[in-house]
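Everything below concerns the one structure shown next.
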Amino acid sequence: MMTPTRHILQIILFISALSAGLQSCFKRELEHEENYINIKQDPSIADNEVLRFRTFKLDDYDRYIIFGNNNEVSIDGTAQLPLLLYYDGQNRSATVDLGGCIYEYQTQLDKLTFRGALLRSPIFTEPIVIDAETLLKRQGSTSQSQDRFILRLKAFTLPDGKRVSVDERQSYLDKPLGISIEPLYHLTYYRN
């Protein structure tokens, strides 16, 4: 004959075993779920932990740069930097689209590199994949409630490894390509 204590112990063991089995099954199921995979955090590159989960508003353009979980710039933030290109002897409008690219921040140098950004302009038939080199520095603020920064685009590197800046023009599609004016963007650290 089974005692009540032994019966309760068997029930508890059965529930524990069932619970462990369900947890394991549920976790395996989640590992195939896209949202669960995206939540997993990759190790930080360089000093990226400083920027991870931070959002900055580009003051003059009503756009946002959102630094994501896996060393990437979120595609949700309309992170586009307008600039003026020198191309074939004329100044032309362009945009550096940062959405989805990988960022790498080096605190000691104030250097922020965006790898795999897209350079878009009406002068190109399709966007050019570039690495954009910038400086990110804190700016003095008149208000205690706002953290202000300056992002300066120093140069970008073309797919063939050629560096393009204000001082360094390169041949692209047999025409000279450069940055007309070194772009400067005022940012405000955006708190939700």
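Each chain in the structure tokens gets a letter, A, B and so on, in the order shown; residues start at 1 in every chain, and ligands are counted from 1 in the order they appear.
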
For this session: Within 10 Å of stretch 80-92 of chain A, counting only C-alpha atoms, which residues show up once you throw out same-chain ones fewer than 2 positions away? Write them as a PyMOL selection string, please.
Result: chain A and resi 58+61+63-65+77-78+94-99+117-123+151+153+164-166+169-185

Exercise. A:Asp62, A:Asp160, A:Glu49, A:Glu133: which is nearest A:Ala79, counting only C-alpha atoms?
Worked result: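 Of the candidates, the smallest distance to A:Ala79 is held by A:Asp62.
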
Problem set entry | Pick from A:Leu187, A:Leu135, A:Ile75, A:Ile15 nearest to A:Tyr105, counting only C-alpha atoms | A:Leu135

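When atom CA of A:Ala155 is paired with atom CA of A:Phe53, their separation reads 25.3 Å.
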
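The shortest atom-to-atom distance to A:His186, with only C-alpha atoms taken into account, belongs to A:Asp147 out of A:Asp147, A:Asp110, A:Asp131, A:Glu104.
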
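Of the listed residues A:Ile150, A:Ile11, A:Ile128, A:Leu112, the one whose atoms come nearest to A:Lys57 is A:Ile150, with distances taken using only C-alpha atoms.
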
Exercise. Pick the closest to A:Ser74 from A:Gly100, A:Leu109, A:Ile12, A:Arg52: which is it, counting only C-alpha atoms?
Worked result: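 Of all the options, A:Gly100 lies closest to A:Ser74.
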
For this session: Enumerate the residues of stretch 107-159 of chain A with a DSSP assignment of strand (DSSP E or B), computed from the backbone, and present them as a PyMOL selection string.
Result: chain A and resi 111-120+128-139+148-157
